[in-house]
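Undergrad: As input, take work.tsv (TSV, C-alpha atoms (C1' of nucleotides)):
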chain	number	residue	atom	x	y	z
A	1	MET	CA	-16.94	9.96	27.79
A	2	THR	CA	-17.61	13.51	26.67
A	3	GLU	CA	-14.38	14.98	27.92
A	4	PRO	CA	-11.64	15.08	25.32
A	5	THR	CA	-9.91	11.76	24.76
A	6	THR	CA	-6.18	11.48	25.05
A	7	VAL	CA	-5.99	11.35	21.30
A	8	GLN	CA	-8.13	14.46	20.91
A	9	ALA	CA	-6.05	16.19	23.56
A	10	ALA	CA	-2.91	15.54	21.53
A	11	LEU	CA	-4.46	17.42	18.63
A	12	ASP	CA	-5.57	20.28	20.85
A	13	ASP	CA	-2.18	20.57	22.47
A	14	ALA	CA	-0.43	20.67	19.15
A	15	GLY	CA	-2.56	23.63	18.15
A	16	TYR	CA	-4.75	21.92	15.59
A	17	ARG	CA	-8.28	23.16	15.11
A	18	ARG	CA	-11.10	21.42	16.91
A	19	THR	CA	-13.24	20.46	13.99
A	20	GLY	CA	-16.20	18.17	13.71
A	21	ALA	CA	-14.46	15.69	11.48
A	22	ARG	CA	-11.47	15.35	13.79
A	23	ARG	CA	-13.76	15.00	16.73
A	24	SER	CA	-15.60	12.17	15.01
A	25	ILE	CA	-12.40	10.42	14.14
A	26	THR	CA	-10.85	10.63	17.57
A	27	ASP	CA	-14.12	9.36	19.02
A	28	LEU	CA	-14.08	6.39	16.68
A	29	ILE	CA	-10.52	5.64	17.67
A	30	ALA	CA	-11.37	5.87	21.35
A	31	ALA	CA	-14.32	3.56	20.82
A	32	ARG	CA	-12.05	0.87	19.43
A	33	ASN	CA	-9.76	-0.85	21.82
A	34	GLY	CA	-6.89	-2.32	19.95
A	35	ALA	CA	-5.45	-2.23	16.51
A	36	PHE	CA	-7.50	-0.92	13.60
A	37	THR	CA	-6.89	-0.09	10.00
A	38	ALA	CA	-7.63	3.10	8.15
A	39	ALA	CA	-10.28	1.18	6.26
A	40	ASP	CA	-11.93	0.26	9.56
A	41	LEU	CA	-12.34	3.89	10.47
A	42	VAL	CA	-13.64	4.77	7.05
A	43	ALA	CA	-16.20	1.99	7.36
A	44	ASP	CA	-17.17	3.09	10.87
A	45	ALA	CA	-17.62	6.66	9.79
A	46	ARG	CA	-19.67	5.56	6.83
A	47	SER	CA	-21.95	3.25	8.77
A	48	LYS	CA	-22.56	5.89	11.41
A	49	ARG	CA	-23.31	8.46	8.74
A	50	LEU	CA	-20.76	10.86	10.16
A	51	GLY	CA	-20.11	12.42	6.79
A	52	VAL	CA	-16.37	12.17	7.20
A	53	GLY	CA	-14.46	11.79	3.97
A	54	ARG	CA	-11.91	9.12	3.26
A	55	ALA	CA	-9.19	11.66	2.66
A	56	THR	CA	-9.84	13.24	6.03
A	57	VAL	CA	-9.47	9.94	7.82
A	58	PHE	CA	-6.08	9.40	6.23
A	59	ARG	CA	-5.02	12.99	6.86
A	60	THR	CA	-6.02	12.83	10.49
A	61	LEU	CA	-4.30	9.51	11.05
A	62	ASP	CA	-1.24	11.03	9.47
A	63	VAL	CA	-1.27	13.96	11.83
A	64	LEU	CA	-1.86	11.71	14.81
A	65	ALA	CA	1.01	9.47	13.78
A	66	ASP	CA	3.25	12.53	13.53
A	67	LEU	CA	2.23	13.52	17.03
A	68	HIS	CA	2.84	9.94	18.17
A	69	ALA	CA	-0.72	9.83	19.48
A	70	VAL	CA	-1.18	6.71	17.40
A	71	GLU	CA	1.43	4.23	16.29
A	72	ARG	CA	1.50	2.90	12.76
A	73	LEU	CA	2.25	-0.79	12.65
A	74	ASP	CA	2.53	-3.58	10.13
A	75	LEU	CA	0.57	-6.72	10.69
A	76	PRO	CA	2.17	-10.03	9.71
A	77	SER	CA	-0.28	-10.11	6.82
A	78	GLY	CA	1.36	-6.99	5.44
A	79	GLU	CA	-1.59	-4.75	6.24
A	80	HIS	CA	-1.02	-1.42	7.88
A	81	ALA	CA	-2.77	-0.79	11.13
A	82	TYR	CA	-2.81	1.76	13.92
A	83	VAL	CA	-3.02	1.71	17.70
A	84	ALA	CA	-3.84	4.60	19.99
A	85	CYS	CA	-1.05	5.04	22.50
A	86	GLU	CA	0.94	7.28	24.75
A	87	PRO	CA	3.29	9.64	22.95
A	88	VAL	CA	6.50	8.11	24.27
A	89	HIS	CA	8.64	5.60	22.49
A	90	HIS	CA	7.63	2.05	23.26
A	91	HIS	CA	6.37	-1.08	21.56
A	92	HIS	CA	3.24	-3.14	21.33
A	93	VAL	CA	2.06	-6.68	21.60
A	94	VAL	CA	-0.96	-7.21	19.42
A	95	CYS	CA	-3.36	-10.08	19.86
A	96	SER	CA	-3.71	-11.89	16.59
A	97	ASP	CA	-7.19	-13.05	17.53
A	98	CYS	CA	-9.00	-10.02	18.89
A	99	GLY	CA	-6.62	-7.21	17.95
A	100	ALA	CA	-6.23	-6.01	21.52
A	101	SER	CA	-2.93	-4.34	22.09
A	102	GLN	CA	-0.75	-3.70	25.07
A	103	ASP	CA	2.26	-1.51	25.58
A	104	VAL	CA	5.59	-3.05	26.32
A	105	ASP	CA	8.37	-1.38	28.17
A	106	ASP	CA	12.08	-1.81	27.64
A	107	ALA	CA	12.44	-5.36	29.04
A	108	GLY	CA	16.16	-5.42	28.29
A	109	TRP	CA	15.66	-4.31	24.73
A	110	ARG	CA	18.06	-1.36	24.87
A	111	ALA	CA	20.87	-3.67	25.84
A	112	VAL	CA	20.13	-5.90	22.87
A	113	VAL	CA	20.28	-2.97	20.48
A	114	ARG	CA	23.58	-1.88	21.94
A	115	GLU	CA	24.90	-5.41	21.63
A	116	ILE	CA	23.86	-5.49	17.98
A	117	GLU	CA	25.55	-2.17	17.31
A	118	GLN	CA	28.74	-3.58	18.76
A	119	THR	CA	28.77	-6.77	16.76
A	120	THR	CA	27.70	-5.31	13.42
A	121	GLY	CA	29.40	-1.92	13.53
A	122	TYR	CA	26.15	-0.32	12.39
A	123	ARG	CA	24.92	2.76	14.15
A	124	ILE	CA	21.26	1.95	14.73
A	125	ASP	CA	18.98	4.95	14.73
A	126	ASP	CA	15.59	3.51	13.98
A	127	HIS	CA	13.86	0.24	14.48
A	128	ARG	CA	10.59	-1.49	14.09
A	129	LEU	CA	9.57	-3.96	16.71
A	130	GLU	CA	6.18	-5.54	16.74
A	131	LEU	CA	5.05	-8.58	18.62
A	132	PHE	CA	2.09	-10.73	17.77
A	133	GLY	CA	0.47	-13.40	19.83
A	134	ARG	CA	-2.63	-14.23	21.80
A	135	CYS	CA	-3.75	-12.19	24.75
A	136	PRO	CA	-4.59	-13.86	28.06
A	137	ALA	CA	-8.33	-13.61	27.37
A	138	CYS	CA	-8.11	-15.25	23.97
A	139	ARG	CA	-5.82	-17.94	25.29
A	140	LYS	CA	-8.55	-19.02	27.69
A	141	THR	CA	-10.97	-19.79	24.89
A	142	ILE	CA	-9.88	-23.13	23.50
A	143	ASP	CA	-10.73	-22.86	19.84
B	1	MET	CA	29.06	-16.33	-11.29
B	2	THR	CA	27.48	-18.95	-13.48
B	3	GLU	CA	27.00	-21.57	-10.79
B	4	PRO	CA	23.60	-21.47	-9.16
B	5	THR	CA	23.22	-18.82	-6.51
B	6	THR	CA	22.00	-19.71	-3.06
B	7	VAL	CA	18.68	-18.24	-3.98
B	8	GLN	CA	18.43	-20.27	-7.15
B	9	ALA	CA	19.49	-23.35	-5.21
B	10	ALA	CA	16.59	-22.87	-2.84
B	11	LEU	CA	14.22	-23.05	-5.78
B	12	ASP	CA	15.90	-26.11	-7.20
B	13	ASP	CA	15.89	-27.89	-3.87
B	14	ALA	CA	12.22	-27.22	-3.38
B	15	GLY	CA	11.49	-28.90	-6.69
B	16	TYR	CA	10.55	-25.85	-8.70
B	17	ARG	CA	11.29	-25.82	-12.40
B	18	ARG	CA	14.44	-24.15	-13.62
B	19	THR	CA	12.96	-21.65	-15.99
B	20	GLY	CA	14.50	-18.71	-17.76
B	21	ALA	CA	12.40	-16.18	-15.94
B	22	ARG	CA	13.30	-17.52	-12.52
B	23	ARG	CA	16.92	-17.71	-13.51
B	24	SER	CA	16.86	-14.05	-14.52
B	25	ILE	CA	15.21	-13.02	-11.29
B	26	THR	CA	17.56	-14.92	-9.02
B	27	ASP	CA	20.48	-13.46	-10.93
B	28	LEU	CA	19.14	-9.96	-10.46
B	29	ILE	CA	18.73	-10.61	-6.76
B	30	ALA	CA	22.25	-11.97	-6.50
B	31	ALA	CA	23.59	-8.93	-8.34
B	32	ARG	CA	22.08	-6.62	-5.74
B	33	ASN	CA	23.69	-6.60	-2.36
B	34	GLY	CA	21.24	-5.38	0.15
B	35	ALA	CA	17.60	-4.53	0.34
B	36	PHE	CA	15.55	-4.08	-2.80
B	37	THR	CA	11.92	-3.62	-3.66
B	38	ALA	CA	9.82	-5.59	-6.10
B	39	ALA	CA	9.71	-2.47	-8.24
B	40	ASP	CA	13.52	-2.43	-8.32
B	41	LEU	CA	13.59	-5.88	-9.82
B	42	VAL	CA	10.90	-5.06	-12.32
B	43	ALA	CA	12.89	-2.02	-13.38
B	44	ASP	CA	16.12	-4.04	-13.60
B	45	ALA	CA	14.47	-6.69	-15.71
B	46	ARG	CA	12.96	-4.07	-17.94
B	47	SER	CA	16.18	-2.12	-18.47
B	48	LYS	CA	18.10	-5.29	-19.24
B	49	ARG	CA	15.41	-6.37	-21.68
B	50	LEU	CA	15.03	-9.71	-19.96
B	51	GLY	CA	11.43	-10.00	-20.99
B	52	VAL	CA	10.30	-10.95	-17.53
B	53	GLY	CA	6.78	-9.91	-16.67
B	54	ARG	CA	5.77	-7.95	-13.62
B	55	ALA	CA	3.50	-10.71	-12.41
B	56	THR	CA	6.32	-13.22	-12.59
B	57	VAL	CA	8.58	-11.06	-10.46
B	58	PHE	CA	5.93	-10.88	-7.77
B	59	ARG	CA	5.16	-14.58	-8.05
B	60	THR	CA	8.79	-15.54	-7.76
B	61	LEU	CA	9.41	-13.25	-4.82
B	62	ASP	CA	6.40	-14.81	-3.21
B	63	VAL	CA	7.76	-18.29	-3.66
B	64	LEU	CA	11.19	-17.24	-2.43
B	65	ALA	CA	9.67	-15.64	0.64
B	66	ASP	CA	7.78	-18.86	1.34
B	67	LEU	CA	11.03	-20.78	1.11
B	68	HIS	CA	12.66	-18.18	3.36
B	69	ALA	CA	15.28	-17.62	0.70
B	70	VAL	CA	14.41	-13.95	0.88
B	71	GLU	CA	12.96	-12.02	3.79
B	72	ARG	CA	10.18	-9.54	3.33
B	73	LEU	CA	10.68	-6.41	5.37
B	74	ASP	CA	9.07	-3.05	5.91
B	75	LEU	CA	11.14	0.05	5.56
B	76	PRO	CA	10.45	2.95	7.94
B	77	SER	CA	8.96	4.74	4.95
B	78	GLY	CA	6.29	2.07	4.78
B	79	GLU	CA	7.64	0.54	1.58
B	80	HIS	CA	7.98	-3.19	1.31
B	81	ALA	CA	11.42	-4.52	0.53
B	82	TYR	CA	13.23	-7.82	0.36
B	83	VAL	CA	16.66	-9.14	1.32
B	84	ALA	CA	18.29	-12.33	0.17
B	85	CYS	CA	19.25	-14.39	3.20
B	86	GLU	CA	19.84	-17.74	4.75
B	87	PRO	CA	16.73	-19.77	5.37
B	88	VAL	CA	16.90	-19.76	9.15
B	89	HIS	CA	15.08	-17.40	11.43
B	90	HIS	CA	17.04	-14.27	12.15
B	91	HIS	CA	16.88	-10.53	11.72
B	92	HIS	CA	18.47	-7.79	9.70
B	93	VAL	CA	20.11	-4.44	10.11
B	94	VAL	CA	19.55	-2.38	7.01
B	95	CYS	CA	21.66	0.64	6.16
B	96	SER	CA	19.39	3.59	5.57
B	97	ASP	CA	21.94	5.15	3.23
B	98	CYS	CA	23.09	2.41	0.91
B	99	GLY	CA	20.58	-0.35	1.64
B	100	ALA	CA	23.24	-2.86	2.58
B	101	SER	CA	21.99	-5.42	5.01
B	102	GLN	CA	23.53	-7.68	7.56
B	103	ASP	CA	22.20	-10.60	9.52
B	104	VAL	CA	21.86	-10.35	13.23
B	105	ASP	CA	21.91	-13.26	15.59
B	106	ASP	CA	20.04	-13.61	18.84
B	107	ALA	CA	22.01	-11.08	20.92
B	108	GLY	CA	19.84	-11.68	23.97
B	109	TRP	CA	16.66	-11.20	22.05
B	110	ARG	CA	15.04	-14.48	23.08
B	111	ALA	CA	15.34	-13.50	26.70
B	112	VAL	CA	13.60	-10.22	25.99
B	113	VAL	CA	10.69	-11.96	24.30
B	114	ARG	CA	10.35	-14.32	27.23
B	115	GLU	CA	10.44	-11.39	29.61
B	116	ILE	CA	7.69	-9.68	27.64
B	117	GLU	CA	5.56	-12.81	27.66
B	118	GLN	CA	5.88	-12.91	31.43
B	119	THR	CA	4.92	-9.32	32.06
B	120	THR	CA	2.07	-9.09	29.57
B	121	GLY	CA	0.63	-12.58	29.81
B	122	TYR	CA	0.53	-12.75	26.02
B	123	ARG	CA	1.77	-15.86	24.31
B	124	ILE	CA	3.98	-14.43	21.58
B	125	ASP	CA	4.15	-16.52	18.46
B	126	ASP	CA	5.24	-14.09	15.80
B	127	HIS	CA	7.23	-10.92	15.68
B	128	ARG	CA	8.68	-8.41	13.35
B	129	LEU	CA	12.03	-6.95	14.19
B	130	GLU	CA	13.86	-4.69	11.83
B	131	LEU	CA	16.75	-2.40	12.56
B	132	PHE	CA	17.76	0.60	10.53
B	133	GLY	CA	20.91	2.61	10.76
B	134	ARG	CA	24.11	3.39	8.95
B	135	CYS	CA	26.63	0.76	8.06
B	136	PRO	CA	30.31	1.20	8.94
B	137	ALA	CA	31.18	2.22	5.38
B	138	CYS	CA	28.51	4.90	5.18
B	139	ARG	CA	29.41	6.20	8.60
B	140	LYS	CA	32.92	6.97	7.35
B	141	THR	CA	31.63	9.35	4.70
B	142	ILE	CA	30.87	12.55	6.54
B	143	ASP	CA	27.96	13.94	4.57
C	1	DC	C1'	9.31	-37.39	-29.41
C	2	DG	C1'	5.15	-36.13	-27.36
C	3	DC	C1'	2.30	-34.97	-23.36
C	4	DT	C1'	0.98	-32.49	-19.56
C	5	DA	C1'	1.29	-29.81	-15.65
C	6	DA	C1'	3.88	-26.05	-14.35
C	7	DC	C1'	4.98	-21.75	-15.68
C	8	DT	C1'	4.71	-17.44	-18.16
C	9	DG	C1'	3.48	-12.41	-19.92
C	10	DA	C1'	-0.02	-9.18	-20.88
C	11	DG	C1'	-3.30	-6.69	-19.20
C	12	DA	C1'	-7.38	-5.90	-16.42
C	13	DC	C1'	-8.48	-5.22	-11.86
C	14	DT	C1'	-8.40	-4.05	-6.70
C	15	DC	C1'	-7.26	-1.39	-3.06
C	16	DG	C1'	-4.53	1.58	0.12
C	17	DG	C1'	-3.03	5.89	0.00
C	18	DT	C1'	-2.15	10.72	-2.15
C	19	DA	C1'	-3.06	15.06	-4.81
C	20	DT	C1'	-6.13	18.50	-6.37
C	21	DC	C1'	-9.45	21.86	-5.85
C	22	DA	C1'	-13.50	24.33	-4.84
C	23	DT	C1'	-16.00	25.02	-0.71
C	24	DC	C1'	-16.55	25.61	4.12
C	25	DT	C1'	-15.55	26.80	9.00
C	26	DG	C1'	-12.84	27.61	13.38
C	27	DC	C1'	-10.93	31.24	15.38
C	28	DC	C1'	-8.54	35.53	15.89
C	29	DC	C1'	-8.82	40.45	15.62
C	30	DT	C1'	-11.14	44.49	16.05
D	1	DA	C1'	-20.79	40.59	17.10
D	2	DG	C1'	-19.08	39.78	12.80
D	3	DG	C1'	-15.54	39.90	9.05
D	4	DG	C1'	-11.76	37.75	7.08
D	5	DC	C1'	-8.65	34.22	6.19
D	6	DA	C1'	-5.75	30.26	6.91
D	7	DG	C1'	-6.58	25.85	7.91
D	8	DA	C1'	-9.59	22.09	7.20
D	9	DT	C1'	-12.85	19.47	4.51
D	10	DG	C1'	-15.08	16.08	1.05
D	11	DA	C1'	-15.50	14.60	-3.66
D	12	DT	C1'	-13.14	12.88	-7.00
D	13	DA	C1'	-9.34	11.84	-9.87
D	14	DC	C1'	-5.23	9.71	-9.60
D	15	DC	C1'	-1.16	6.60	-8.54
D	16	DG	C1'	1.39	2.55	-7.68
D	17	DA	C1'	1.84	-1.98	-5.43
D	18	DG	C1'	0.14	-6.26	-5.65
D	19	DT	C1'	-3.37	-9.87	-7.43
D	20	DC	C1'	-6.17	-12.40	-10.82
D	21	DT	C1'	-7.22	-14.35	-15.17
D	22	DC	C1'	-6.31	-16.56	-19.19
D	23	DA	C1'	-4.47	-18.06	-23.33
D	24	DG	C1'	-0.06	-19.44	-24.90
D	25	DT	C1'	4.60	-21.58	-23.82
D	26	DT	C1'	7.92	-24.81	-21.97
D	27	DA	C1'	10.46	-27.96	-18.78
D	28	DG	C1'	11.15	-32.34	-18.10
D	29	DC	C1'	9.27	-36.98	-17.59
D	30	DG	C1'	8.10	-41.20	-19.89
Output the structure of this file as C-alpha cells.

TA:
Amino acid sequence: MTEPTTVQAALDDAGYRRTGARRSITDLIAARNGAFTAADLVADARSKRLGVGRATVFRTLDVLADLHAVERLDLPSGEHAYVACEPVHHHHVVCSDCGASQDVDDAGWRAVVREIEQTTGYRIDDHRLELFGRCPACRKTID
Amino acid sequence: MTEPTTVQAALDDAGYRRTGARRSITDLIAARNGAFTAADLVADARSKRLGVGRATVFRTLDVLADLHAVERLDLPSGEHAYVACEPVHHHHVVCSDCGASQDVDDAGWRAVVREIEQTTGYRIDDHRLELFGRCPACRKTID
DNA sequence: CGCTAACTGAGACTCGGTATCATCTGCCCT
DNA sequence: AGGGCAGATGATACCGAGTCTCAGTTAGCG
C-alpha cells in the first residue's frame, strides 16, 4: 500500500504539509485495524526507529481528530483511544477482546434523540455514543 | 438537610463506615446539582476547610461509582465528571452551559442496540451514552 | 473500655497530554 | 535551481488527574 491512505489523504486535502513524520504516523494508523491509543503509536514509532517524537504523535492525532479522519473515543476503562474512520458523523462498535471496530449507521438513533429532546426539554447538540462488545470472530473462540 | 442524602445512604447500606470525611464528601455532592469533577470537590473541600484529603475524595468517588450512586461520565472536552444518580442503569443529558443533568429513560434505545447487534454481528455488552445540550432554563437566556 | 480493621491525609509517584523553543524542511516564488 | 519563510518537528520541561504507600487515626464491635 504505497498510495496515500485515506487518513493521509485527509491531511493532504486539508492543505497540510506532506512531511516524513506525518507519513510515518498515518502509515502506523493504517497498519492497525481497530482502536489504538496514542501510547500505542508512540511505542510503534519507537520500536520501528522512525524517529517520530511523542509530541508529534499527539499533534498529528489532534489534527486528524479535527479533520474527523480519526475518532477519539473513551474505552470503558477510562482510557482514550482512536479509530481511523470516514469523515462523516457516525458511531462505532469496538470489540473488547481484539479492539476491532466497525462503523454503525443510524439504526433508529436519530428518532431516539428527538424523543429525548421532547421528554426532557433539552436541546441536544452533542452526544457521545460508544458501544463495546465482542466481534463475530472473537465470539467464535470459546475462551 | 441533616438527614442522610441518597448518596450517603448508599454508603451506609453497603456497610461502609460513617466517617467524617465521607460525610463531608456526600454533603458536597448533594450541595451541587449537576455534573462536577473530582477537582471541583477537592476545591470545595479545600475552600470550606473541611480537611479532606485529595486521595480520600478520589477513593470515595470510586466507591460511589462502584455502588452506582454516582455515574462517571466523559465531557466532550475529554474531562471526567460525575453526577449523583439513582443506582439503576440509565443515561444522562448534561447541560453544556450550567452543568445541570437529567436522567433519561429508555426512549427506544434498547431497540436500537438490538438493531445494531443484528446488523454488525457484535454482541454488545457495554455502552457509553452521554448527551449534551442546553437545558430549558439556559435556553431561555438568549446569550 | 479496648482492640482491630477500616479509614484517613500527606506526599511521592505515574502517566497522558500540553507548552516551549531552537532547529529543520516542505514548498512557493522568482 | 535555489532562497526564504511559515509550518512542522523533536527534546525536554511542565502540568494536572489519578494512584500508591504508609504511618497515624477512628468507628464501632465485643

Undergrad: Could you check which residues have any atom within 12 Å of (8.4, -13.4, -3.0), counting only C-alpha atoms (C1' of nucleotides) with coordinates taken straight from the file, and then list them as a PyMOL selection string?

TA: (chain B and resi 7+11+22+25-26+29+36-38+41+55-73+80-84) or (chain D and resi 18)

Undergrad: Within 6 Å of chain B, which residues of chain A are there when counting only C-alpha atoms? Please give them as an mmCIF file with C-alpha atoms, keeping the file's coordinate frame.

TA:
data_model
loop_
_atom_site.group_PDB
_atom_site.id
_atom_site.type_symbol
_atom_site.label_atom_id
_atom_site.label_comp_id
_atom_site.auth_asym_id
_atom_site.auth_seq_id
_atom_site.Cartn_x
_atom_site.Cartn_y
_atom_site.Cartn_z
ATOM 1 C CA ALA A 107 12.440 -5.360 29.040
ATOM 2 C CA GLY A 108 16.160 -5.420 28.290
ATOM 3 C CA VAL A 112 20.130 -5.900 22.870
ATOM 4 C CA GLY A 121 29.400 -1.920 13.530
ATOM 5 C CA TYR A 122 26.150 -0.320 12.390
ATOM 6 C CA ARG A 123 24.920 2.760 14.150
ATOM 7 C CA ILE A 124 21.260 1.950 14.730
ATOM 8 C CA ASP A 125 18.980 4.950 14.730
ATOM 9 C CA ASP A 126 15.590 3.510 13.980
ATOM 10 C CA HIS A 127 13.860 0.240 14.480
ATOM 11 C CA ARG A 128 10.590 -1.490 14.090
ATOM 12 C CA LEU A 129 9.570 -3.960 16.710
ATOM 13 C CA GLU A 130 6.180 -5.540 16.740
ATOM 14 C CA LEU A 131 5.050 -8.580 18.620
ATOM 15 C CA PHE A 132 2.090 -10.730 17.770
ATOM 16 C CA GLY A 133 0.470 -13.400 19.830
ATOM 17 C CA ARG A 134 -2.630 -14.230 21.800
ATOM 18 C CA CYS A 135 -3.750 -12.190 24.750
ATOM 19 C CA PRO A 136 -4.590 -13.860 28.060
#

Undergrad: Just fit chain B onto chain A on all the Cα atoms, in order, by least squares, and give it as a tab-separated table (two decimals) with C-alpha atoms, keeping the file's coordinate frame.

TA:
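File out.tsv, as written:
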chain	number	residue	atom	x	y	z
B	1	MET	CA	-17.20	9.87	27.52
B	2	THR	CA	-17.79	13.43	26.46
B	3	GLU	CA	-14.55	14.85	27.83
B	4	PRO	CA	-11.76	14.99	25.30
B	5	THR	CA	-9.98	11.71	24.77
B	6	THR	CA	-6.23	11.49	25.06
B	7	VAL	CA	-6.06	11.37	21.33
B	8	GLN	CA	-8.20	14.45	20.92
B	9	ALA	CA	-6.13	16.18	23.59
B	10	ALA	CA	-3.00	15.57	21.57
B	11	LEU	CA	-4.55	17.45	18.68
B	12	ASP	CA	-5.68	20.29	20.88
B	13	ASP	CA	-2.30	20.60	22.53
B	14	ALA	CA	-0.54	20.74	19.21
B	15	GLY	CA	-2.70	23.68	18.21
B	16	TYR	CA	-4.87	21.97	15.64
B	17	ARG	CA	-8.41	23.18	15.17
B	18	ARG	CA	-11.20	21.37	16.94
B	19	THR	CA	-13.32	20.42	13.99
B	20	GLY	CA	-16.27	18.10	13.71
B	21	ALA	CA	-14.47	15.68	11.46
B	22	ARG	CA	-11.50	15.34	13.78
B	23	ARG	CA	-13.80	14.98	16.73
B	24	SER	CA	-15.62	12.13	15.00
B	25	ILE	CA	-12.39	10.39	14.13
B	26	THR	CA	-10.87	10.62	17.59
B	27	ASP	CA	-14.12	9.32	19.03
B	28	LEU	CA	-14.07	6.37	16.68
B	29	ILE	CA	-10.50	5.63	17.67
B	30	ALA	CA	-11.36	5.86	21.35
B	31	ALA	CA	-14.31	3.53	20.83
B	32	ARG	CA	-12.02	0.85	19.42
B	33	ASN	CA	-9.73	-0.86	21.83
B	34	GLY	CA	-6.85	-2.29	19.98
B	35	ALA	CA	-5.42	-2.21	16.52
B	36	PHE	CA	-7.44	-0.90	13.62
B	37	THR	CA	-6.82	-0.07	10.00
B	38	ALA	CA	-7.58	3.14	8.17
B	39	ALA	CA	-10.22	1.21	6.26
B	40	ASP	CA	-11.86	0.26	9.56
B	41	LEU	CA	-12.30	3.88	10.47
B	42	VAL	CA	-13.59	4.78	7.05
B	43	ALA	CA	-16.13	1.99	7.34
B	44	ASP	CA	-17.12	3.06	10.87
B	45	ALA	CA	-17.60	6.64	9.78
B	46	ARG	CA	-19.61	5.54	6.81
B	47	SER	CA	-21.90	3.20	8.74
B	48	LYS	CA	-22.54	5.83	11.38
B	49	ARG	CA	-23.28	8.40	8.70
B	50	LEU	CA	-20.75	10.81	10.13
B	51	GLY	CA	-20.10	12.36	6.78
B	52	VAL	CA	-16.37	12.16	7.18
B	53	GLY	CA	-14.44	11.79	3.96
B	54	ARG	CA	-11.87	9.13	3.25
B	55	ALA	CA	-9.16	11.69	2.66
B	56	THR	CA	-9.82	13.29	6.02
B	57	VAL	CA	-9.45	9.99	7.83
B	58	PHE	CA	-6.06	9.46	6.24
B	59	ARG	CA	-5.03	13.05	6.87
B	60	THR	CA	-6.01	12.88	10.50
B	61	LEU	CA	-4.29	9.57	11.07
B	62	ASP	CA	-1.24	11.09	9.50
B	63	VAL	CA	-1.29	14.02	11.86
B	64	LEU	CA	-1.89	11.76	14.84
B	65	ALA	CA	1.00	9.54	13.83
B	66	ASP	CA	3.22	12.61	13.59
B	67	LEU	CA	2.19	13.59	17.09
B	68	HIS	CA	2.81	10.01	18.22
B	69	ALA	CA	-0.74	9.87	19.51
B	70	VAL	CA	-1.18	6.76	17.42
B	71	GLU	CA	1.46	4.29	16.30
B	72	ARG	CA	1.55	2.96	12.79
B	73	LEU	CA	2.31	-0.73	12.67
B	74	ASP	CA	2.56	-3.53	10.15
B	75	LEU	CA	0.60	-6.67	10.70
B	76	PRO	CA	2.21	-9.98	9.72
B	77	SER	CA	-0.26	-10.06	6.85
B	78	GLY	CA	1.38	-6.95	5.46
B	79	GLU	CA	-1.57	-4.70	6.26
B	80	HIS	CA	-0.97	-1.37	7.87
B	81	ALA	CA	-2.72	-0.75	11.16
B	82	TYR	CA	-2.75	1.80	13.93
B	83	VAL	CA	-2.97	1.75	17.72
B	84	ALA	CA	-3.81	4.62	20.01
B	85	CYS	CA	-1.02	5.05	22.53
B	86	GLU	CA	0.96	7.29	24.77
B	87	PRO	CA	3.31	9.64	22.99
B	88	VAL	CA	6.54	8.14	24.27
B	89	HIS	CA	8.67	5.62	22.47
B	90	HIS	CA	7.67	2.07	23.23
B	91	HIS	CA	6.39	-1.05	21.55
B	92	HIS	CA	3.26	-3.11	21.31
B	93	VAL	CA	2.07	-6.66	21.62
B	94	VAL	CA	-0.95	-7.16	19.42
B	95	CYS	CA	-3.34	-10.05	19.89
B	96	SER	CA	-3.70	-11.88	16.61
B	97	ASP	CA	-7.19	-13.01	17.56
B	98	CYS	CA	-8.98	-9.97	18.90
B	99	GLY	CA	-6.59	-7.17	17.96
B	100	ALA	CA	-6.21	-5.96	21.51
B	101	SER	CA	-2.90	-4.31	22.11
B	102	GLN	CA	-0.72	-3.66	25.07
B	103	ASP	CA	2.30	-1.48	25.59
B	104	VAL	CA	5.62	-3.03	26.31
B	105	ASP	CA	8.42	-1.36	28.15
B	106	ASP	CA	12.12	-1.83	27.61
B	107	ALA	CA	12.47	-5.37	29.02
B	108	GLY	CA	16.18	-5.46	28.25
B	109	TRP	CA	15.68	-4.35	24.71
B	110	ARG	CA	18.10	-1.43	24.83
B	111	ALA	CA	20.89	-3.76	25.81
B	112	VAL	CA	20.12	-5.97	22.84
B	113	VAL	CA	20.30	-3.05	20.43
B	114	ARG	CA	23.61	-1.98	21.90
B	115	GLU	CA	24.89	-5.52	21.59
B	116	ILE	CA	23.85	-5.60	17.94
B	117	GLU	CA	25.56	-2.29	17.26
B	118	GLN	CA	28.75	-3.73	18.70
B	119	THR	CA	28.76	-6.92	16.70
B	120	THR	CA	27.69	-5.46	13.37
B	121	GLY	CA	29.40	-2.09	13.49
B	122	TYR	CA	26.17	-0.46	12.33
B	123	ARG	CA	24.98	2.65	14.07
B	124	ILE	CA	21.31	1.87	14.66
B	125	ASP	CA	19.06	4.88	14.66
B	126	ASP	CA	15.66	3.46	13.90
B	127	HIS	CA	13.91	0.19	14.42
B	128	ARG	CA	10.62	-1.51	14.05
B	129	LEU	CA	9.60	-3.97	16.70
B	130	GLU	CA	6.20	-5.53	16.75
B	131	LEU	CA	5.06	-8.57	18.64
B	132	PHE	CA	2.09	-10.71	17.79
B	133	GLY	CA	0.47	-13.38	19.87
B	134	ARG	CA	-2.63	-14.18	21.84
B	135	CYS	CA	-3.75	-12.13	24.77
B	136	PRO	CA	-4.61	-13.78	28.10
B	137	ALA	CA	-8.34	-13.54	27.41
B	138	CYS	CA	-8.12	-15.18	24.00
B	139	ARG	CA	-5.84	-17.87	25.33
B	140	LYS	CA	-8.57	-18.95	27.74
B	141	THR	CA	-10.98	-19.73	24.92
B	142	ILE	CA	-9.89	-23.09	23.61
B	143	ASP	CA	-10.78	-22.85	19.94

Undergrad: May I have the residues within 12 Å of DC27 in chain C as number ranges by chain, using all atoms listed in the file and disregarding those fewer than 6 positions away in the same chain?

TA: A: 15-19; D: 3-7

Undergrad: Within 10 Å of chain A, which residues belong to chain C? Use all atoms listed in the file and report them as an MDAnalysis selection string.

TA: chainID C and resid 16:18 25:27

Undergrad: Kindly assemble as a Markdown table a list of the chain D residues that lie within 9 Å of chain B, each paired with its nearest atom pair and their distance in Å to one decimal, using only C-alpha atoms (C1' of nucleotides), sorted first by chain and then by ascending residue number.

TA:
| residue | atom | partner | partner_atom | distance |
| --- | --- | --- | --- | --- |
| D:DA17 | C1' | B:Ala39 | CA | 8.4 |
| D:DG18 | C1' | B:Phe58 | CA | 7.7 |
| D:DT19 | C1' | B:Ala55 | CA | 8.5 |
| D:DT26 | C1' | B:Thr19 | CA | 8.4 |
| D:DA27 | C1' | B:Arg17 | CA | 6.8 |
| D:DG28 | C1' | B:Arg17 | CA | 8.7 |
